[in-house]
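Participant: My questions all concern the structure below.
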Amino acid sequence: MTAQPTDADTPQGTPARDQGIQRHSAMPVRKYQPYQAVGLPDRGWPGRRAEQAPLWCSVDLRDGNQALTDPMDITRKRRMFDLLVAMGFKEIEVGFPTSSQDDHAFLRHLVDTGAIPDDVVVQVMTPIRGDFIERTVKALEGVPRAVLQIFNPTSEVQRRLVFRKDRRQTTAMALDGAEQALKLQDSIPGTEIYLQYAPESYTQTEPDYALELCNAVLDFWAPRAAHTLRINLPSTVEVFPPQEFADRIEYTHRNLLHRERTILSVHPHNDRGSGVAAAELAVLAGADRVEGTLFGNGERSGNVCLVTLAMNLFSQGVDPMLDLSDIDGIRRIVESCNQMPVPARHPWAGDFVYTSFAGSHQDAIAKGLRAREESGQEVWDVPYLPIDPRDIGRDYQALIRINTQSGKGGIAHLLRTEYGIELPRRLQIDFAAEMQAVCEEIGGEITGDQLWEHFVERYVALGTETVPGLPEPEPLAAEPGDTRWSGATAEAVAGYGLDAVIQGLVVERAGAPLNAVTAAFEIVVDSHSYWGVGIAQEEGTAVGRAVRVACLRALLDTERAGLSEAR
């Protein structure tokens, strides 16, 4: 017996019949606990708007690389590093020199080949453990400027289960690392070292304790250290919604000691799928700097995607401070270095993100592009396209693609943009119905070339063919006046023995690549519409061919109908 819905199954005051009734699942939800909100009733970030890009730091060569099934060798790392420099990144994490010989070797490669530009700061990281900090600093010899990030795990569960240390002992570890780093800051002549502390697993650390830790380190460094200080807050695992992350960043931003000389950085991951939102809200909440990777590569669900963040700013008229004008070239290099594809639907960069298959979308895009072309306005305002694809190296040819969901607007747009031919509205409808049937038959997409082949076969080819017993293809001669083709076309139609009503003739000059006169001619025979299209350098030839195609199509249809009746 099927259980009947009760009042408890529906929202209060909503009759069950007005909505689908969801049932409780068998998922073990009691295994998991909700996050404890930091509680920030006077939060300011919701009323702010991004007006400039944060300081970007790419961690592709460290955090991204360690997540690859086939980590990059020096050749691939160098190609990635050169790409990041070319894009405009001024802070690049190059490795974890004490964790692997490969990371150490790559850092030394950059130094030995003079690959680090004067305006680029490289970043290295090290845990607060034994002689790791000293060995990391030694690896920086010859680097002009570098960020030295020290970190220790700080979450309650790691303190309790992994390190068996309480808050006091964990703070002592952080201060020990801060002291070691400070002593080594000026130990390498010619190398400026900037100190950065990160409480690993910040998102799983109690907010008040994370702040206490950061302030303890800053209070130690501030009177003693040179240069700007840095705090990096990593979402080592993303465990709550982006608005809670923003609240915690604003809470830290408000209460951080020595804030005026401290760069506050965030390092979002994407475990909940909201890394981009978390990063954007964190910047509104007070973060100065964002660490991430190109296209979001990284452990588990990945790091935050810096391309998406930068493009989001660009689409709002904010300079992203990165060069994304060849986004496909960037993507190809990243795919080669990571040996992983970027999904076709990845925001801003995927193969399909500027492509519409749906008929209503195609029609709106085509009209928007046409209006922009005619108006010459600078501000971008085209339906379904948040940016001009040309700004990132794409063209308009892939915007509209044809399948069973497509309509007349998309088909007309492709013929106009790729072949320079304008179709009258009724001809658009006629051809769209034909292509719908073709797509349903083949069960897939039609390319622009295939679309043109079908168009020519249906509406153009018969215009030059000789048919025994019928008039030869020949140009028509126009008469003076506004109805200069009326007499010639009527006489030509009569020559085919058809009892037809002429519906209309549209003559246009097609642009490239045809660069010819096009004539679209429509007749109606026994309530059926028949179109023909003529393409020629001379107008009379184009009109004559269009009339011939329409008439031959009508005759062939009539002949087929007669054979069918005879059977």
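Note on naming: chains are A, B, ... as they come in the structure tokens, residues start from 1 per chain, ligands start from 1 in the order shown.
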Excluding same-chain residues fewer than 5 positions from Glu156 (chain A), what lies within 12 Å of it counting only C-alpha atoms, as an MDAnalysis selection string?

Facilitator: chainID A and resid 161:167 170 199:207 209:210

Participant: What parts of region 143-350 of chain A does DSSP call strand (DSSP E)? I'd like the answer as a PDB file with C-alpha atoms, in the first residue's frame.

Facilitator:
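Generated file (part.pdb):
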ATOM      1  CA  ARG A 145      62.378  37.768  -3.844  1.00  0.00           C
ATOM      2  CA  ALA A 146      60.424  34.966  -2.213  1.00  0.00           C
ATOM      3  CA  VAL A 147      57.528  34.270   0.138  1.00  0.00           C
ATOM      4  CA  LEU A 148      58.421  31.730   2.818  1.00  0.00           C
ATOM      5  CA  GLN A 149      55.209  30.114   4.058  1.00  0.00           C
ATOM      6  CA  ILE A 150      55.387  28.163   7.292  1.00  0.00           C
ATOM      7  CA  PHE A 151      52.404  26.132   8.447  1.00  0.00           C
ATOM      8  CA  ASN A 152      51.186  23.692  11.054  1.00  0.00           C
ATOM      9  CA  PRO A 153      47.895  21.767  11.266  1.00  0.00           C
ATOM     10  CA  GLU A 192      64.429  39.281   0.131  1.00  0.00           C
ATOM     11  CA  ILE A 193      62.262  36.843   2.091  1.00  0.00           C
ATOM     12  CA  TYR A 194      58.686  37.714   3.062  1.00  0.00           C
ATOM     13  CA  LEU A 195      57.212  35.769   5.985  1.00  0.00           C
ATOM     14  CA  GLN A 196      53.811  34.106   5.744  1.00  0.00           C
ATOM     15  CA  TYR A 197      52.046  31.958   8.317  1.00  0.00           C
ATOM     16  CA  ALA A 198      49.188  29.541   7.524  1.00  0.00           C
ATOM     17  CA  PRO A 199      47.086  27.660  10.087  1.00  0.00           C
ATOM     18  CA  GLU A 200      46.491  24.522   8.011  1.00  0.00           C
ATOM     19  CA  LEU A 229      53.726  40.363   6.998  1.00  0.00           C
ATOM     20  CA  ARG A 230      51.358  37.741   5.616  1.00  0.00           C
ATOM     21  CA  ILE A 231      48.633  35.472   6.934  1.00  0.00           C
ATOM     22  CA  ASN A 232      47.235  32.781   4.612  1.00  0.00           C
ATOM     23  CA  LEU A 233      43.936  31.130   5.574  1.00  0.00           C
ATOM     24  CA  PRO A 234      43.522  27.821   3.712  1.00  0.00           C
ATOM     25  CA  THR A 262      49.597  42.414   6.934  1.00  0.00           C
ATOM     26  CA  ILE A 263      48.485  40.889   3.638  1.00  0.00           C
ATOM     27  CA  LEU A 264      45.482  38.652   4.360  1.00  0.00           C
ATOM     28  CA  SER A 265      45.382  35.746   1.909  1.00  0.00           C
ATOM     29  CA  VAL A 266      42.886  32.921   1.312  1.00  0.00           C
ATOM     30  CA  HIS A 267      43.404  29.514  -0.255  1.00  0.00           C
ATOM     31  CA  ARG A 289      45.101  37.910  -1.900  1.00  0.00           C
ATOM     32  CA  VAL A 290      43.778  34.664  -3.410  1.00  0.00           C
ATOM     33  CA  GLU A 291      45.699  31.452  -4.041  1.00  0.00           C
ATOM     34  CA  GLY A 292      44.387  28.990  -6.622  1.00  0.00           C
TER      35      GLY A 292
END

Participant: Separation of CA of Ser325 (chain A) and CA of Leu61 (chain A), in Å?

Facilitator: 22.3 Å

Participant: With only C-alpha atoms as the basis for distance, which of A:Met173, A:Val382, A:Ala520, A:Cys337 is at the shortest distance from Thr75 (chain A)?

Facilitator: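 Of A:Met173, A:Val382, A:Ala520, A:Cys337, the one nearest Thr75 (chain A) is A:Cys337, counting only C-alpha atoms.
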
Participant: Can you pull out every residue within 6 Å of region 245-260 of chain A, counting only C-alpha atoms, but drop anything in the same chain fewer than 3 positions away, and send it as a list in words?

Facilitator: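 Within the cut-off, the hits are Asn215, Pro242, Leu281, Ala282, Ala285 and Gly286 of chain A.
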
Participant: Considering only C-alpha atoms, state which residue in the set A:Leu55, A:Val533, A:Ile442, A:Leu213 is at the smallest distance from Val460 (chain A).

Facilitator: A:Val533

Participant: Which residues are close to region 523-530 of chain A, i.e. within 12 Å by only C-alpha atoms, leaving aside same-chain residues fewer than 5 positions away? Reply as an mmCIF file with all heavy atoms, in the first residue's frame.

Facilitator:
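result37.cif, freshly written:
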data_model
loop_
_atom_site.group_PDB
_atom_site.id
_atom_site.type_symbol
_atom_site.label_atom_id
_atom_site.label_comp_id
_atom_site.auth_asym_id
_atom_site.auth_seq_id
_atom_site.Cartn_x
_atom_site.Cartn_y
_atom_site.Cartn_z
ATOM 1 N N ARG A 426 10.000 33.514 -44.088
ATOM 2 C CA ARG A 426 9.247 32.298 -44.425
ATOM 3 C C ARG A 426 10.169 31.193 -44.926
ATOM 4 O O ARG A 426 9.915 30.012 -44.698
ATOM 5 C CB ARG A 426 8.151 32.608 -45.454
ATOM 6 C CG ARG A 426 7.002 33.428 -44.886
ATOM 7 C CD ARG A 426 5.749 33.366 -45.774
ATOM 8 N NE ARG A 426 6.016 33.788 -47.143
ATOM 9 C CZ ARG A 426 5.994 35.059 -47.546
ATOM 10 N NH1 ARG A 426 5.749 36.017 -46.679
ATOM 11 N NH2 ARG A 426 6.222 35.367 -48.808
ATOM 12 N N LEU A 427 11.243 31.583 -45.589
ATOM 13 C CA LEU A 427 12.222 30.580 -46.026
ATOM 14 C C LEU A 427 12.986 30.018 -44.820
ATOM 15 O O LEU A 427 13.309 28.824 -44.785
ATOM 16 C CB LEU A 427 13.196 31.193 -47.032
ATOM 17 C CG LEU A 427 14.320 30.280 -47.553
ATOM 18 C CD1 LEU A 427 13.762 28.961 -48.094
ATOM 19 C CD2 LEU A 427 15.151 30.994 -48.596
ATOM 20 N N ILE A 429 11.709 29.504 -41.911
ATOM 21 C CA ILE A 429 10.781 28.525 -41.326
ATOM 22 C C ILE A 429 10.783 27.228 -42.126
ATOM 23 O O ILE A 429 10.819 26.126 -41.569
ATOM 24 C CB ILE A 429 9.362 29.119 -41.242
ATOM 25 C CG1 ILE A 429 9.354 30.328 -40.278
ATOM 26 C CG2 ILE A 429 8.348 28.063 -40.804
ATOM 27 C CD1 ILE A 429 8.062 31.121 -40.304
ATOM 28 N N ASP A 430 10.762 27.358 -43.438
ATOM 29 C CA ASP A 430 10.741 26.181 -44.310
ATOM 30 C C ASP A 430 12.006 25.342 -44.125
ATOM 31 O O ASP A 430 11.942 24.115 -43.966
ATOM 32 C CB ASP A 430 10.607 26.644 -45.767
ATOM 33 C CG ASP A 430 10.369 25.485 -46.723
ATOM 34 O OD1 ASP A 430 9.196 25.120 -46.915
ATOM 35 O OD2 ASP A 430 11.361 24.954 -47.270
ATOM 36 N N PHE A 431 13.156 25.987 -44.132
ATOM 37 C CA PHE A 431 14.420 25.256 -44.026
ATOM 38 C C PHE A 431 14.605 24.683 -42.623
ATOM 39 O O PHE A 431 15.176 23.595 -42.456
ATOM 40 C CB PHE A 431 15.583 26.179 -44.391
ATOM 41 C CG PHE A 431 16.897 25.476 -44.535
ATOM 42 C CD1 PHE A 431 16.995 24.224 -45.141
ATOM 43 C CD2 PHE A 431 18.070 26.055 -44.069
ATOM 44 C CE1 PHE A 431 18.214 23.567 -45.280
ATOM 45 C CE2 PHE A 431 19.295 25.422 -44.206
ATOM 46 C CZ PHE A 431 19.368 24.181 -44.808
ATOM 47 N N ARG A 458 18.585 21.411 -51.512
ATOM 48 C CA ARG A 458 17.134 21.604 -51.459
ATOM 49 C C ARG A 458 16.678 22.807 -52.279
ATOM 50 O O ARG A 458 15.643 22.756 -52.944
ATOM 51 C CB ARG A 458 16.697 21.775 -50.010
ATOM 52 C CG ARG A 458 15.178 21.942 -49.822
ATOM 53 C CD ARG A 458 14.820 21.960 -48.353
ATOM 54 N NE ARG A 458 13.401 22.209 -48.111
ATOM 55 C CZ ARG A 458 12.454 21.294 -48.129
ATOM 56 N NH1 ARG A 458 12.773 20.029 -48.400
ATOM 57 N NH2 ARG A 458 11.186 21.590 -47.897
ATOM 58 N N TYR A 459 17.434 23.906 -52.253
ATOM 59 C CA TYR A 459 16.931 25.159 -52.805
ATOM 60 C C TYR A 459 17.726 25.722 -53.979
ATOM 61 O O TYR A 459 17.255 26.633 -54.639
ATOM 62 C CB TYR A 459 16.910 26.241 -51.710
ATOM 63 C CG TYR A 459 16.059 25.909 -50.531
ATOM 64 C CD1 TYR A 459 16.631 25.603 -49.300
ATOM 65 C CD2 TYR A 459 14.667 25.904 -50.627
ATOM 66 C CE1 TYR A 459 15.857 25.309 -48.197
ATOM 67 C CE2 TYR A 459 13.871 25.615 -49.529
ATOM 68 C CZ TYR A 459 14.478 25.305 -48.315
ATOM 69 O OH TYR A 459 13.682 25.000 -47.238
ATOM 70 N N THR A 489 8.675 36.763 -64.054
ATOM 71 C CA THR A 489 8.535 35.584 -63.206
ATOM 72 C C THR A 489 7.207 34.878 -63.464
ATOM 73 O O THR A 489 7.141 33.637 -63.485
ATOM 74 C CB THR A 489 8.644 35.960 -61.718
ATOM 75 O OG1 THR A 489 7.706 37.001 -61.408
ATOM 76 C CG2 THR A 489 10.048 36.434 -61.377
ATOM 77 N N ALA A 490 6.131 35.649 -63.715
ATOM 78 C CA ALA A 490 4.832 35.028 -64.000
ATOM 79 C C ALA A 490 4.885 34.243 -65.301
ATOM 80 O O ALA A 490 4.365 33.116 -65.403
ATOM 81 C CB ALA A 490 3.741 36.104 -64.073
ATOM 82 N N ALA A 492 7.582 32.956 -66.648
ATOM 83 C CA ALA A 492 8.435 31.791 -66.457
ATOM 84 C C ALA A 492 7.697 30.674 -65.749
ATOM 85 O O ALA A 492 7.802 29.495 -66.125
ATOM 86 C CB ALA A 492 9.679 32.189 -65.667
ATOM 87 N N VAL A 493 6.923 31.007 -64.724
ATOM 88 C CA VAL A 493 6.152 29.991 -63.989
ATOM 89 C C VAL A 493 5.143 29.337 -64.926
ATOM 90 O O VAL A 493 4.968 28.106 -64.918
ATOM 91 C CB VAL A 493 5.461 30.616 -62.768
ATOM 92 C CG1 VAL A 493 4.464 29.617 -62.145
ATOM 93 C CG2 VAL A 493 6.474 31.060 -61.730
ATOM 94 N N ALA A 494 4.476 30.135 -65.762
ATOM 95 C CA ALA A 494 3.491 29.588 -66.704
ATOM 96 C C ALA A 494 4.145 28.621 -67.676
ATOM 97 O O ALA A 494 3.524 27.642 -68.121
ATOM 98 C CB ALA A 494 2.809 30.731 -67.456
ATOM 99 N N GLY A 497 3.856 25.080 -66.861
ATOM 100 C CA GLY A 497 2.533 24.477 -66.830
ATOM 101 C C GLY A 497 1.934 24.375 -65.450
ATOM 102 O O GLY A 497 1.101 23.501 -65.198
ATOM 103 N N LEU A 498 2.342 25.254 -64.559
ATOM 104 C CA LEU A 498 1.867 25.185 -63.174
ATOM 105 C C LEU A 498 0.749 26.189 -62.921
ATOM 106 O O LEU A 498 0.790 27.327 -63.404
ATOM 107 C CB LEU A 498 3.017 25.493 -62.208
ATOM 108 C CG LEU A 498 4.095 24.428 -62.043
ATOM 109 C CD1 LEU A 498 5.281 25.001 -61.259
ATOM 110 C CD2 LEU A 498 3.530 23.205 -61.323
ATOM 111 N N ASP A 499 -0.245 25.734 -62.171
ATOM 112 C CA ASP A 499 -1.277 26.641 -61.683
ATOM 113 C C ASP A 499 -0.815 27.118 -60.304
ATOM 114 O O ASP A 499 -1.186 26.549 -59.274
ATOM 115 C CB ASP A 499 -2.614 25.910 -61.587
ATOM 116 C CG ASP A 499 -3.743 26.832 -61.123
ATOM 117 O OD1 ASP A 499 -3.521 28.067 -61.116
ATOM 118 O OD2 ASP A 499 -4.800 26.323 -60.708
ATOM 119 N N ALA A 500 0.006 28.136 -60.307
ATOM 120 C CA ALA A 500 0.684 28.541 -59.071
ATOM 121 C C ALA A 500 0.385 29.990 -58.748
ATOM 122 O O ALA A 500 0.123 30.813 -59.629
ATOM 123 C CB ALA A 500 2.197 28.353 -59.205
ATOM 124 N N VAL A 501 0.439 30.283 -57.473
ATOM 125 C CA VAL A 501 0.339 31.657 -56.988
ATOM 126 C C VAL A 501 1.734 32.097 -56.558
ATOM 127 O O VAL A 501 2.388 31.436 -55.742
ATOM 128 C CB VAL A 501 -0.627 31.758 -55.786
ATOM 129 C CG1 VAL A 501 -0.640 33.191 -55.228
ATOM 130 C CG2 VAL A 501 -2.030 31.330 -56.194
ATOM 131 N N ILE A 502 2.181 33.204 -57.117
ATOM 132 C CA ILE A 502 3.504 33.722 -56.744
ATOM 133 C C ILE A 502 3.374 34.484 -55.427
ATOM 134 O O ILE A 502 2.655 35.476 -55.333
ATOM 135 C CB ILE A 502 4.064 34.632 -57.851
ATOM 136 C CG1 ILE A 502 4.278 33.832 -59.139
ATOM 137 C CG2 ILE A 502 5.374 35.288 -57.392
ATOM 138 C CD1 ILE A 502 4.717 34.678 -60.316
ATOM 139 N N GLN A 503 4.112 34.015 -54.423
ATOM 140 C CA GLN A 503 4.039 34.623 -53.095
ATOM 141 C C GLN A 503 5.036 35.769 -52.917
ATOM 142 O O GLN A 503 4.766 36.714 -52.182
ATOM 143 C CB GLN A 503 4.337 33.568 -52.014
ATOM 144 C CG GLN A 503 3.200 32.602 -51.790
ATOM 145 C CD GLN A 503 2.010 33.291 -51.140
ATOM 146 O OE1 GLN A 503 1.052 33.673 -51.825
ATOM 147 N NE2 GLN A 503 2.072 33.479 -49.826
ATOM 148 N N GLY A 504 6.183 35.679 -53.564
ATOM 149 C CA GLY A 504 7.124 36.769 -53.391
ATOM 150 C C GLY A 504 8.493 36.453 -53.944
ATOM 151 O O GLY A 504 8.859 35.294 -54.185
ATOM 152 N N LEU A 505 9.262 37.520 -54.145
ATOM 153 C CA LEU A 505 10.642 37.425 -54.618
ATOM 154 C C LEU A 505 11.476 38.411 -53.797
ATOM 155 O O LEU A 505 11.109 39.577 -53.658
ATOM 156 C CB LEU A 505 10.734 37.784 -56.110
ATOM 157 C CG LEU A 505 12.144 37.955 -56.686
ATOM 158 C CD1 LEU A 505 12.884 36.633 -56.721
ATOM 159 C CD2 LEU A 505 12.075 38.578 -58.080
ATOM 160 N N ALA A 546 16.208 30.914 -59.380
ATOM 161 C CA ALA A 546 15.305 30.771 -58.236
ATOM 162 C C ALA A 546 13.922 30.311 -58.684
ATOM 163 O O ALA A 546 13.319 29.413 -58.075
ATOM 164 C CB ALA A 546 15.210 32.094 -57.479
ATOM 165 N N VAL A 547 13.429 30.916 -59.760
ATOM 166 C CA VAL A 547 12.123 30.525 -60.291
ATOM 167 C C VAL A 547 12.157 29.067 -60.745
ATOM 168 O O VAL A 547 11.234 28.289 -60.474
ATOM 169 C CB VAL A 547 11.720 31.444 -61.476
ATOM 170 C CG1 VAL A 547 10.464 30.902 -62.180
ATOM 171 C CG2 VAL A 547 11.490 32.870 -60.985
ATOM 172 N N ARG A 548 13.216 28.679 -61.412
ATOM 173 C CA ARG A 548 13.330 27.309 -61.926
ATOM 174 C C ARG A 548 13.300 26.300 -60.777
ATOM 175 O O ARG A 548 12.621 25.283 -60.851
ATOM 176 C CB ARG A 548 14.629 27.170 -62.726
ATOM 177 C CG ARG A 548 14.814 25.777 -63.352
ATOM 178 C CD ARG A 548 16.041 25.747 -64.236
ATOM 179 N NE ARG A 548 16.218 24.444 -64.855
ATOM 180 C CZ ARG A 548 15.544 24.026 -65.928
ATOM 181 N NH1 ARG A 548 14.633 24.817 -66.490
ATOM 182 N NH2 ARG A 548 15.761 22.832 -66.437
ATOM 183 N N VAL A 549 14.057 26.574 -59.695
ATOM 184 C CA VAL A 549 14.090 25.638 -58.566
ATOM 185 C C VAL A 549 12.702 25.492 -57.948
ATOM 186 O O VAL A 549 12.237 24.374 -57.692
ATOM 187 C CB VAL A 549 15.097 26.104 -57.489
ATOM 188 C CG1 VAL A 549 15.003 25.203 -56.249
ATOM 189 C CG2 VAL A 549 16.505 26.087 -58.037
ATOM 190 N N ALA A 550 12.028 26.604 -57.695
ATOM 191 C CA ALA A 550 10.704 26.538 -57.081
ATOM 192 C C ALA A 550 9.737 25.744 -57.954
ATOM 193 O O ALA A 550 8.981 24.892 -57.451
ATOM 194 C CB ALA A 550 10.171 27.948 -56.840
ATOM 195 N N CYS A 551 9.778 26.001 -59.246
ATOM 196 C CA CYS A 551 8.852 25.309 -60.145
ATOM 197 C C CYS A 551 9.180 23.818 -60.258
ATOM 198 O O CYS A 551 8.275 22.964 -60.255
ATOM 199 C CB CYS A 551 8.881 25.966 -61.531
ATOM 200 S SG CYS A 551 8.185 27.628 -61.560
ATOM 201 N N LEU A 552 10.460 23.474 -60.391
ATOM 202 C CA LEU A 552 10.838 22.068 -60.492
ATOM 203 C C LEU A 552 10.480 21.313 -59.211
ATOM 204 O O LEU A 552 10.046 20.155 -59.267
ATOM 205 C CB LEU A 552 12.330 21.941 -60.779
ATOM 206 C CG LEU A 552 12.785 22.338 -62.192
ATOM 207 C CD1 LEU A 552 14.285 22.194 -62.325
ATOM 208 C CD2 LEU A 552 12.072 21.482 -63.252
ATOM 209 N N ARG A 553 10.666 21.941 -58.069
ATOM 210 C CA ARG A 553 10.304 21.288 -56.810
ATOM 211 C C ARG A 553 8.803 21.028 -56.764
ATOM 212 O O ARG A 553 8.353 19.965 -56.314
ATOM 213 C CB ARG A 553 10.734 22.147 -55.610
ATOM 214 C CG ARG A 553 12.247 22.192 -55.410
ATOM 215 C CD ARG A 553 12.604 22.910 -54.126
ATOM 216 N NE ARG A 553 12.048 22.229 -52.978
ATOM 217 C CZ ARG A 553 11.539 22.834 -51.909
ATOM 218 N NH1 ARG A 553 11.502 24.159 -51.866
ATOM 219 N NH2 ARG A 553 11.065 22.129 -50.904
ATOM 220 N N ALA A 554 8.021 21.988 -57.241
ATOM 221 C CA ALA A 554 6.569 21.797 -57.266
ATOM 222 C C ALA A 554 6.184 20.675 -58.224
ATOM 223 O O ALA A 554 5.327 19.826 -57.906
ATOM 224 C CB ALA A 554 5.886 23.103 -57.668
ATOM 225 N N LEU A 555 6.807 20.651 -59.401
ATOM 226 C CA LEU A 555 6.495 19.603 -60.375
ATOM 227 C C LEU A 555 6.875 18.222 -59.843
ATOM 228 O O LEU A 555 6.122 17.249 -59.999
ATOM 229 C CB LEU A 555 7.234 19.878 -61.688
ATOM 230 C CG LEU A 555 6.686 21.034 -62.544
ATOM 231 C CD1 LEU A 555 7.646 21.337 -63.668
ATOM 232 C CD2 LEU A 555 5.291 20.670 -63.089
ATOM 233 N N LEU A 556 8.066 18.123 -59.239
ATOM 234 C CA LEU A 556 8.499 16.833 -58.700
ATOM 235 C C LEU A 556 7.568 16.376 -57.586
ATOM 236 O O LEU A 556 7.246 15.187 -57.481
ATOM 237 C CB LEU A 556 9.943 16.952 -58.176
ATOM 238 C CG LEU A 556 11.023 17.108 -59.243
ATOM 239 C CD1 LEU A 556 12.371 17.426 -58.589
ATOM 240 C CD2 LEU A 556 11.135 15.830 -60.067
ATOM 241 N N ASP A 557 7.113 17.302 -56.775
ATOM 242 C CA ASP A 557 6.192 16.960 -55.688
ATOM 243 C C ASP A 557 4.855 16.491 -56.254
ATOM 244 O O ASP A 557 4.265 15.518 -55.769
ATOM 245 C CB ASP A 557 5.990 18.194 -54.791
ATOM 246 C CG ASP A 557 5.702 17.802 -53.354
ATOM 247 O OD1 ASP A 557 5.979 16.656 -52.977
ATOM 248 O OD2 ASP A 557 5.204 18.664 -52.607
ATOM 249 N N THR A 558 4.377 17.189 -57.297
ATOM 250 C CA THR A 558 3.106 16.821 -57.927
ATOM 251 C C THR A 558 3.219 15.444 -58.572
ATOM 252 O O THR A 558 2.308 14.610 -58.496
ATOM 253 C CB THR A 558 2.712 17.866 -58.985
ATOM 254 O OG1 THR A 558 2.634 19.145 -58.375
ATOM 255 C CG2 THR A 558 1.381 17.515 -59.632
ATOM 256 N N ALA A 561 3.146 12.822 -55.944
ATOM 257 C CA ALA A 561 1.784 12.662 -55.423
ATOM 258 C C ALA A 561 0.930 11.858 -56.392
ATOM 259 O O ALA A 561 0.136 11.002 -55.993
ATOM 260 C CB ALA A 561 1.154 14.029 -55.172
#

Participant: Record the distance separating CA of Asp112 (chain A) and CA of His227 (chain A), expressed in Å with one decimal.

Facilitator: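 Spanning CA of Asp112 (chain A) to CA of His227 (chain A) is a straight-line distance of 26.1 Å.
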
Participant: Find, counting only C-alpha atoms, the residue in A:Thr466, A:Leu423, A:Gln450, A:Lys31 that gets nearest to Gly532 (chain A).

Facilitator: A:Leu423

Participant: Take CA of Arg345 (chain A) and CA of Asp363 (chain A) and report the distance between them in Å, one decimal.

Facilitator: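 CA of Asp363 (chain A) lies at a distance of 21.4 Å from CA of Arg345 (chain A).
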
Participant: Please determine, counting only C-alpha atoms, which residue among A:Met340, A:Val38, A:Leu462, A:Ala174 has the shortest atom-to-atom distance to Thr69 (chain A).

Facilitator: A:Met340

Participant: Would you please work out which residue, of A:Ile411, A:Ile74, A:Ala50, A:Val334, is nearest to Asp102 (chain A) when using only C-alpha atoms?

Facilitator: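 Smallest separation from Asp102 (chain A) among the options: A:Ile74.
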
Participant: Taking 6 positions as the minimum chain separation for residues in the same chain, which residues sit within 10 Å of region 115-117 of chain A when counting only C-alpha atoms? Answer as a VMD selection string.

Facilitator: chain A and resid 78 81 to 82 85 90 92 107 109 143 to 145

Participant: Given only C-alpha atoms as the basis, pick out the residue of A:Pro189, A:Gly495, A:Lys183, A:Gln537 nearest to Gly469 (chain A).

Facilitator: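 Checking each of A:Pro189, A:Gly495, A:Lys183, A:Gln537 against Gly469 (chain A), counting only C-alpha atoms, the winner is A:Gly495.
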